[in-house]
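Visitor: final04.txt is reproduced below (compact mmCIF, C-alpha atoms).
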```txt
# COMPACT_ATOMS: atom_id res chain seq x y z
CA MET A 21 92.72 90.47 117.42
CA LEU A 22 94.32 93.91 117.40
CA ARG A 23 93.27 96.77 115.15
CA VAL A 24 96.27 98.61 113.71
CA ARG A 25 96.28 102.21 114.87
CA GLU A 26 98.81 105.02 115.18
CA GLY A 27 101.78 103.86 117.22
CA PHE A 28 101.18 100.16 116.51
CA VAL A 29 104.31 98.00 116.83
CA LEU A 30 104.12 94.49 115.39
CA SER A 31 107.03 93.17 117.47
CA GLU A 32 105.03 93.87 120.63
CA VAL A 33 102.22 91.50 119.60
CA ASP A 34 102.48 88.06 121.21
CA PRO A 35 101.65 85.38 118.62
CA ASP A 36 100.69 83.04 121.48
CA ALA A 37 98.10 85.43 122.89
CA THR A 38 94.34 85.02 122.56
CA PRO A 39 93.07 88.57 123.16
CA GLY A 40 89.38 88.79 123.92
CA PHE A 41 89.05 85.07 124.58
CA SER A 42 90.56 83.41 127.65
CA ALA A 43 88.44 80.25 127.92
CA GLY A 44 90.87 77.97 126.08
CA LYS A 45 90.93 75.68 123.05
CA VAL A 46 87.87 73.53 123.71
CA ALA A 47 85.64 76.51 124.46
CA GLY A 48 87.13 78.29 121.44
CA GLN A 49 86.28 75.41 119.15
CA GLU A 50 82.75 75.35 120.55
CA ALA A 51 82.41 79.08 119.96
CA LEU A 52 83.64 78.62 116.39
CA ALA A 53 81.00 75.93 115.80
CA ALA A 54 78.33 78.17 117.32
CA GLY A 55 79.28 80.97 114.93
CA VAL A 56 78.71 78.91 111.80
CA LYS A 57 74.94 79.39 111.71
CA PRO A 58 74.83 83.19 112.19
CA LEU A 59 77.64 83.69 109.66
CA ALA A 60 75.93 81.45 107.12
CA GLU A 61 72.62 83.28 107.53
CA LEU A 62 74.22 86.70 107.16
CA GLN A 63 76.06 85.53 104.06
CA GLU A 64 72.85 84.17 102.56
CA ARG A 65 71.03 87.43 103.26
CA LEU A 66 73.84 89.39 101.60
CA TYR A 67 73.65 87.12 98.56
CA ALA A 68 69.84 87.26 98.45
CA GLU A 69 69.64 91.04 98.56
CA SER A 70 72.00 91.31 95.60
CA ARG A 71 69.38 89.53 93.47
CA THR A 72 67.24 92.67 93.79
CA GLY A 73 69.89 95.18 92.77
CA GLN A 74 71.91 95.77 95.95
CA ASN A 75 75.64 96.13 95.20
CA ARG A 76 77.15 95.41 98.60
CA SER A 77 79.89 92.83 99.11
CA VAL A 78 82.64 91.92 101.57
CA LEU A 79 86.34 91.38 100.87
CA LEU A 80 88.51 89.45 103.32
CA VAL A 81 92.23 89.97 102.69
CA LEU A 82 94.54 87.38 104.30
CA GLN A 83 98.26 88.05 104.56
CA ALA A 84 100.80 86.10 106.57
CA MET A 85 104.10 84.31 106.57
CA ASP A 86 103.98 80.82 105.07
CA SER A 87 102.08 78.19 107.14
CA ALA A 88 100.30 80.79 109.28
CA GLY A 89 96.87 79.31 108.58
CA LYS A 90 95.34 81.06 105.58
CA GLY A 91 94.14 77.75 104.18
CA GLY A 92 92.58 76.84 107.51
CA ILE A 93 90.61 80.09 107.51
CA LEU A 94 89.28 79.26 104.06
CA ARG A 95 88.28 75.72 105.07
CA HIS A 96 87.02 76.19 108.63
CA VAL A 97 85.52 79.70 108.48
CA VAL A 98 84.63 80.80 104.96
CA GLY A 99 84.18 77.21 103.85
CA ARG A 100 81.24 76.76 106.22
CA VAL A 101 78.96 79.12 104.30
CA ASP A 102 77.18 78.52 100.99
CA PRO A 103 79.97 78.24 98.37
CA GLN A 104 77.86 79.97 95.72
CA GLY A 105 78.23 83.15 97.76
CA VAL A 106 82.04 83.03 97.97
CA GLN A 107 84.74 84.12 95.54
CA ALA A 108 88.21 83.00 96.64
CA THR A 109 91.38 84.05 94.83
CA ALA A 110 94.89 82.85 95.61
CA PHE A 111 97.48 85.26 94.25
CA LYS A 112 100.59 83.46 93.09
CA LYS A 113 103.70 84.71 91.32
CA PRO A 114 102.56 87.17 88.63
CA THR A 115 102.25 85.76 85.13
CA PRO A 116 104.06 87.39 82.19
CA GLU A 117 100.75 89.00 81.18
CA GLU A 118 100.18 90.38 84.68
CA LEU A 119 103.70 91.80 84.78
CA GLN A 120 102.87 93.89 81.73
CA HIS A 121 100.33 95.82 83.80
CA ASP A 122 100.33 97.81 87.03
CA PHE A 123 100.45 95.58 90.11
CA LEU A 124 96.80 96.35 90.94
CA TRP A 125 95.51 95.21 87.54
CA ARG A 126 95.07 91.56 88.46
CA VAL A 127 93.66 92.45 91.87
CA GLU A 128 90.96 94.71 90.50
CA LYS A 129 89.76 91.90 88.24
CA ALA A 130 89.31 89.61 91.27
CA LEU A 131 87.17 91.93 93.39
CA PRO A 132 83.96 90.28 94.65
CA ASP A 133 80.72 90.70 92.77
CA ALA A 134 77.62 92.11 94.45
CA GLY A 135 76.35 89.88 97.23
CA MET A 136 79.57 87.91 97.51
CA ILE A 137 82.17 87.34 100.18
CA GLY A 138 85.50 87.64 98.41
CA VAL A 139 88.65 86.16 99.90
CA PHE A 140 92.17 87.06 98.84
CA ASP A 141 94.72 84.41 99.86
CA ARG A 142 97.63 86.83 99.61
CA SER A 143 96.89 89.97 97.66
CA HIS A 144 98.19 93.26 96.34
CA TYR A 145 100.20 93.46 99.56
CA GLU A 146 102.65 90.93 98.18
CA ASP A 147 103.93 93.81 96.06
CA VAL A 148 105.05 95.73 99.16
CA LEU A 149 106.08 92.65 101.16
CA ILE A 150 108.05 90.22 99.02
CA GLY A 151 108.50 93.08 96.56
CA ARG A 152 110.26 95.07 99.27
CA VAL A 153 112.20 92.20 100.87
CA ARG A 154 113.39 90.68 97.59
CA GLN A 155 113.91 94.08 95.96
CA LEU A 156 111.69 93.14 93.04
CA ALA A 157 111.03 96.82 92.35
CA ALA A 158 112.94 100.03 92.88
CA PRO A 159 112.55 101.71 96.31
CA GLU A 160 110.68 104.65 94.78
CA GLU A 161 108.21 102.23 93.14
CA ILE A 162 107.62 100.42 96.44
CA GLU A 163 107.01 103.79 98.04
CA ARG A 164 104.51 104.71 95.32
CA ARG A 165 102.60 101.50 95.91
CA TYR A 166 101.63 102.33 99.49
CA GLY A 167 99.75 105.38 98.28
CA ALA A 168 98.32 103.51 95.30
CA ILE A 169 96.97 100.82 97.62
CA LYS A 170 95.26 103.37 99.85
CA ASP A 171 93.67 105.10 96.84
CA PHE A 172 92.59 101.76 95.38
CA GLU A 173 91.00 100.58 98.60
CA GLU A 174 89.24 103.91 99.06
CA ASP A 175 87.63 103.39 95.65
CA VAL A 176 86.71 99.80 96.51
CA VAL A 177 84.99 100.88 99.72
CA ALA A 178 83.18 103.64 97.83
CA SER A 179 81.80 100.95 95.49
CA GLU A 180 80.06 99.35 98.52
CA THR A 181 82.60 96.65 99.29
CA THR A 182 83.51 96.27 102.96
CA ILE A 183 87.21 95.43 103.34
CA ILE A 184 88.55 93.32 106.22
CA LYS A 185 92.34 93.03 106.16
CA VAL A 186 93.88 90.38 108.40
CA MET A 187 97.50 89.59 109.12
CA LEU A 188 97.83 86.15 110.72
CA HIS A 189 100.79 86.63 113.05
CA ILE A 190 102.80 83.54 113.98
CA SER A 191 106.15 83.22 115.66
CA SER A 192 109.29 81.96 113.94
CA GLY A 193 109.29 78.94 116.26
CA GLU A 194 105.70 78.04 115.41
CA GLN A 195 106.38 78.35 111.71
CA LYS A 196 109.36 76.03 112.04
CA SER A 197 107.19 73.48 113.84
CA ARG A 198 104.52 73.59 111.12
CA LEU A 199 107.03 73.35 108.28
CA THR A 200 108.75 70.46 110.05
CA GLU A 201 105.43 68.62 110.25
CA ARG A 202 104.98 69.07 106.52
CA VAL A 203 108.35 67.53 105.71
CA GLU A 204 107.95 64.63 108.16
CA ARG A 205 104.39 63.47 107.39
CA VAL A 206 103.46 61.72 104.16
CA ASP A 207 100.02 63.35 104.16
CA LYS A 208 101.64 66.78 104.43
CA TYR A 209 104.31 66.48 101.73
CA TRP A 210 102.01 68.12 99.20
CA LYS A 211 101.97 71.26 101.33
CA TYR A 212 105.73 71.55 101.61
CA ASN A 213 107.50 74.06 99.40
CA PRO A 214 111.31 74.30 99.67
CA ALA A 215 111.01 77.97 98.77
CA ASP A 216 109.25 78.54 102.11
CA VAL A 217 112.57 77.93 103.85
CA ASP A 218 114.25 80.49 101.58
CA GLU A 219 111.70 83.08 102.69
CA ARG A 220 112.00 81.97 106.31
CA MET A 221 115.69 82.89 106.24
CA LEU A 222 114.56 86.47 105.68
CA TRP A 223 112.22 86.55 108.70
CA PRO A 224 113.44 89.86 110.21
CA ALA A 225 113.16 91.64 106.86
CA TYR A 226 109.60 90.37 106.42
CA GLN A 227 108.61 91.53 109.88
CA ASP A 228 109.95 94.99 109.02
CA ALA A 229 108.06 94.94 105.72
CA PHE A 230 104.83 93.97 107.50
CA GLN A 231 105.33 96.74 110.05
CA VAL A 232 105.60 99.35 107.31
CA ALA A 233 102.72 97.96 105.24
CA LEU A 234 100.36 97.68 108.19
CA THR A 235 100.98 101.15 109.54
CA ARG A 236 101.09 102.87 106.14
CA THR A 237 97.86 101.34 104.78
CA SER A 238 95.55 100.88 107.76
CA THR A 239 92.74 103.41 107.39
CA ALA A 240 89.39 104.06 109.01
CA ASP A 241 87.52 102.49 106.10
CA ALA A 242 90.00 99.67 105.38
CA PRO A 243 91.71 98.83 108.69
CA TRP A 244 94.25 96.12 109.34
CA PHE A 245 93.66 93.57 112.08
CA VAL A 246 96.59 91.57 113.45
CA VAL A 247 95.43 88.16 114.68
CA PRO A 248 97.83 86.16 116.87
CA ALA A 249 97.91 82.84 115.03
CA ASN A 250 100.06 80.38 116.97
CA HIS A 251 96.76 78.82 118.08
CA LYS A 252 94.83 77.84 114.96
CA TRP A 253 91.50 77.66 116.78
CA TYR A 254 91.89 81.24 117.99
CA ALA A 255 92.84 82.62 114.57
CA ARG A 256 89.79 80.99 113.01
CA LEU A 257 87.50 82.24 115.75
CA ALA A 258 88.86 85.78 115.46
CA VAL A 259 88.40 85.93 111.69
CA GLN A 260 84.90 84.48 111.99
CA ALA A 261 84.07 87.21 114.52
CA LEU A 262 85.38 89.91 112.17
CA LEU A 263 83.20 88.62 109.35
CA ILE A 264 80.12 88.38 111.55
CA ASP A 265 80.68 91.90 112.90
CA ALA A 266 81.11 93.33 109.39
CA LEU A 267 77.98 91.62 108.08
CA ASP A 268 76.00 92.57 111.18
CA GLU A 269 76.88 96.19 110.51
CA LEU A 270 75.72 95.86 106.89
CA ASP A 271 72.52 94.20 108.16
CA PRO A 272 71.50 92.69 104.81
CA ARG A 273 67.75 92.12 104.52
CA TRP A 274 65.73 89.36 102.93
CA PRO A 275 64.22 90.72 99.71
CA ALA A 276 60.49 91.46 99.63
CA PRO A 277 58.48 89.08 97.46
CA HIS A 278 58.00 90.08 93.82
CA PHE A 279 54.70 88.22 93.70
CA ASP A 280 51.39 88.20 95.57
CA VAL A 281 52.00 85.79 98.46
CA ASP A 282 48.30 85.06 99.10
CA VAL A 283 47.63 84.37 95.44
CA GLU A 284 50.58 82.01 95.16
CA ARG A 285 49.60 80.18 98.33
CA ALA A 286 46.12 79.62 96.89
CA ARG A 287 47.50 78.47 93.55
CA LEU A 288 49.85 76.00 95.24
CA ALA A 289 47.06 74.67 97.46
CA ALA A 290 44.89 74.07 94.43
CA SER A 291 47.59 72.44 92.34
```
Any chance you could put this one into structure tokens?

Guide:
Amino acid sequence: MLRVREGFVLSEVDPDATPGFSAGKVAGQEALAAGVKPLAELQERLYAESRTGQNRSVLLVLQAMDSAGKGGILRHVVGRVDPQGVQATAFKKPTPEELQHDFLWRVEKALPDAGMIGVFDRSHYEDVLIGRVRQLAAPEEIERRYGAIKDFEEDVVASETTIIKVMLHISSGEQKSRLTERVERVDKYWKYNPADVDERMLWPAYQDAFQVALTRTSTADAPWFVVPANHKWYARLAVQALLIDALDELDPRWPAPHFDVDVERARLAAS
């Protein structure tokens, strides 16, 4: 994974690379399996501490071109922890009601509660990605949104939510292969969306839009991480590592008992 910093150039990132892990697919899958237990425990501790008034939470933002693996992250990484501690939101085309409000209105309503890991499958960044490429808003409005996003995320972090923003970076060739699989396999038809090909035709424009969004909105408190995603196992492992690192830094603690342990032990023994 690569943290977006000053001078970052998206086109220089190799989607086939596996930075920080050179042992290969089998070892990567084993490492992913080994990370399930520590991630699950950290998530449970975060959830448990919120029952005693702690307000901390984590928000994982996933952005990518179609078929880059967002669903796989949800199933194979976030999906391996206790579901009662997860809030996942998939942002689709705005509804008529949502269009009557500022673009951040629907996003603010979906922020994770205390003790939760929130996941945004797409997010407010759609409004400076597809919004920019498809010219769904005036250029001056798109420009305003970059600053609005930074201000919004600053407030979210101040409210004790740790933000992890991930762009899953695949190549055009890999996307074509994955979309082809969807249209050729009966068990994948349900995943295929003809509109994905329409967006694929605008690949260079989307890469430019990502470059601007990543560099304009990556901050110290809400950084962007670009994860090469041609290898699904690596993308999942990288996102799992980001979550574990963020939760390790929070170091959530098991709540102290609100009862006399010795007394309750005696009562149970006598019951």

Visitor: Set the distance at 9 Å and use all atoms listed in the file: which residues neighbour Lys252 in chain A once local chain neighbours fewer than 4 positions away are removed? I'd like the list as a short mmCIF file (atom, residue, chain, number, x, y, z; two decimals) with C-alpha atoms, keeping the file's coordinate frame.

Guide:
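Contents of selection25.cif, as written:
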```cif
data_model
loop_
_atom_site.label_atom_id
_atom_site.label_comp_id
_atom_site.auth_asym_id
_atom_site.auth_seq_id
_atom_site.Cartn_x
_atom_site.Cartn_y
_atom_site.Cartn_z
CA ALA A 88 100.30 80.79 109.28
CA GLY A 89 96.87 79.31 108.58
CA GLY A 92 92.58 76.84 107.51
CA ILE A 93 90.61 80.09 107.51
CA ARG A 256 89.79 80.99 113.01
CA LEU A 257 87.50 82.24 115.75
#
```

Visitor: Taking only C-alpha atoms into account, name the residue in A:Glu161, A:Glu173, A:Asp122, A:Glu194 that is nearest to Pro243 in chain A.

Guide: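 Nearest to Pro243 in chain A: A:Glu173.
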
Visitor: Which of these, A:Val281, A:Ala60, A:Met85, A:Val247, has the shortest distance to Ala229 in chain A once you count all atoms listed in the file?

Guide: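 With all atoms listed in the file as the atom set, the closest residue is A:Met85.
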
Visitor: May I ask which of the residues A:Leu149, A:Ala266, A:Ala290, A:Leu188 is the closest one to Pro35 in chain A, counting all atoms listed in the file?

Guide: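 When distances to Pro35 in chain A are compared using all atoms listed in the file, the smallest one comes from A:Leu188.
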
Visitor: Separation of CA of Pro224 in chain A and CA of Trp210 in chain A, in Å?

Guide: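 CA of Pro224 in chain A sits 26.9 Å away from CA of Trp210 in chain A.
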
Visitor: Do you know which residues are at most 10 Å from Leu124 in chain A counting only C-alpha atoms, after dropping those on the same chain fewer than 6 positions away, and could you put them as a PDB file with C-alpha atoms, in the frame of the given file?

Guide:
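Printed below is result-v8.pdb as written:
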```
ATOM      1  CA  GLU A 118     100.180  90.380  84.680  1.00  0.00           C
ATOM      2  CA  SER A 143      96.890  89.970  97.660  1.00  0.00           C
ATOM      3  CA  HIS A 144      98.190  93.260  96.340  1.00  0.00           C
ATOM      4  CA  TYR A 145     100.200  93.460  99.560  1.00  0.00           C
ATOM      5  CA  ASP A 147     103.930  93.810  96.060  1.00  0.00           C
ATOM      6  CA  ARG A 165     102.600 101.500  95.910  1.00  0.00           C
ATOM      7  CA  ALA A 168      98.320 103.510  95.300  1.00  0.00           C
ATOM      8  CA  ILE A 169      96.970 100.820  97.620  1.00  0.00           C
ATOM      9  CA  PHE A 172      92.590 101.760  95.380  1.00  0.00           C
TER      10      PHE A 172
END
```

Visitor: When you write range 203-224 of chain A out from the block above, keep N, CA and C atoms and present the result as a JSON list (two decimals), in the first residue's frame, please.

Guide:
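New file part_10.json:
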```
[["chain", "number", "residue", "atom", "x", "y", "z"],
["A", 203, "VAL", "N", -19.62, -11.54, -17.56],
["A", 203, "VAL", "CA", -20.56, -11.69, -18.67],
["A", 203, "VAL", "C", -20.50, -13.08, -19.29],
["A", 204, "GLU", "N", -19.51, -13.88, -18.88],
["A", 204, "GLU", "CA", -19.37, -15.23, -19.46],
["A", 204, "GLU", "C", -19.78, -16.34, -18.50],
["A", 205, "ARG", "N", -19.94, -16.04, -17.21],
["A", 205, "ARG", "CA", -20.28, -17.07, -16.22],
["A", 205, "ARG", "C", -21.68, -16.84, -15.67],
["A", 206, "VAL", "N", -22.48, -17.90, -15.70],
["A", 206, "VAL", "CA", -23.86, -17.80, -15.22],
["A", 206, "VAL", "C", -23.93, -17.31, -13.78],
["A", 207, "ASP", "N", -22.98, -17.77, -12.95],
["A", 207, "ASP", "CA", -23.01, -17.38, -11.54],
["A", 207, "ASP", "C", -22.49, -15.97, -11.30],
["A", 208, "LYS", "N", -22.06, -15.30, -12.38],
["A", 208, "LYS", "CA", -21.56, -13.93, -12.25],
["A", 208, "LYS", "C", -22.46, -12.91, -12.95],
["A", 209, "TYR", "N", -23.49, -13.40, -13.68],
["A", 209, "TYR", "CA", -24.36, -12.47, -14.40],
["A", 209, "TYR", "C", -24.92, -11.38, -13.48],
["A", 210, "TRP", "N", -25.26, -11.78, -12.27],
["A", 210, "TRP", "CA", -25.91, -10.83, -11.36],
["A", 210, "TRP", "C", -25.01, -9.66, -11.01],
["A", 211, "LYS", "N", -23.70, -9.86, -11.18],
["A", 211, "LYS", "CA", -22.75, -8.78, -10.89],
["A", 211, "LYS", "C", -22.56, -7.83, -12.06],
["A", 212, "TYR", "N", -22.94, -8.28, -13.25],
["A", 212, "TYR", "CA", -22.64, -7.48, -14.44],
["A", 212, "TYR", "C", -23.61, -6.33, -14.61],
["A", 213, "ASN", "N", -23.05, -5.17, -14.87],
["A", 213, "ASN", "CA", -23.84, -3.97, -15.11],
["A", 213, "ASN", "C", -23.35, -3.34, -16.41],
["A", 214, "PRO", "N", -24.20, -3.30, -17.45],
["A", 214, "PRO", "CA", -23.76, -2.70, -18.71],
["A", 214, "PRO", "C", -23.20, -1.29, -18.57],
["A", 215, "ALA", "N", -23.67, -0.58, -17.55],
["A", 215, "ALA", "CA", -23.18, 0.79, -17.34],
["A", 215, "ALA", "C", -21.69, 0.80, -16.98],
["A", 216, "ASP", "N", -21.19, -0.32, -16.43],
["A", 216, "ASP", "CA", -19.76, -0.38, -16.10],
["A", 216, "ASP", "C", -18.89, -0.19, -17.34],
["A", 217, "VAL", "N", -19.37, -0.68, -18.47],
["A", 217, "VAL", "CA", -18.61, -0.52, -19.71],
["A", 217, "VAL", "C", -18.64, 0.94, -20.16],
["A", 218, "ASP", "N", -19.77, 1.60, -19.94],
["A", 218, "ASP", "CA", -19.85, 3.03, -20.27],
["A", 218, "ASP", "C", -18.79, 3.81, -19.49],
["A", 219, "GLU", "N", -18.66, 3.50, -18.20],
["A", 219, "GLU", "CA", -17.67, 4.20, -17.38],
["A", 219, "GLU", "C", -16.25, 3.78, -17.77],
["A", 220, "ARG", "N", -16.09, 2.54, -18.16],
["A", 220, "ARG", "CA", -14.77, 2.05, -18.58],
["A", 220, "ARG", "C", -14.24, 2.82, -19.79],
["A", 221, "MET", "N", -15.14, 3.24, -20.66],
["A", 221, "MET", "CA", -14.74, 4.00, -21.84],
["A", 221, "MET", "C", -14.13, 5.35, -21.47],
["A", 222, "LEU", "N", -14.34, 5.76, -20.23],
["A", 222, "LEU", "CA", -13.82, 7.04, -19.75],
["A", 222, "LEU", "C", -12.63, 6.85, -18.81],
["A", 223, "TRP", "N", -11.94, 5.74, -18.95],
["A", 223, "TRP", "CA", -10.85, 5.37, -18.03],
["A", 223, "TRP", "C", -9.83, 6.50, -17.81],
["A", 224, "PRO", "N", -9.28, 7.11, -18.86],
["A", 224, "PRO", "CA", -8.28, 8.17, -18.62],
["A", 224, "PRO", "C", -8.83, 9.33, -17.80]]
```
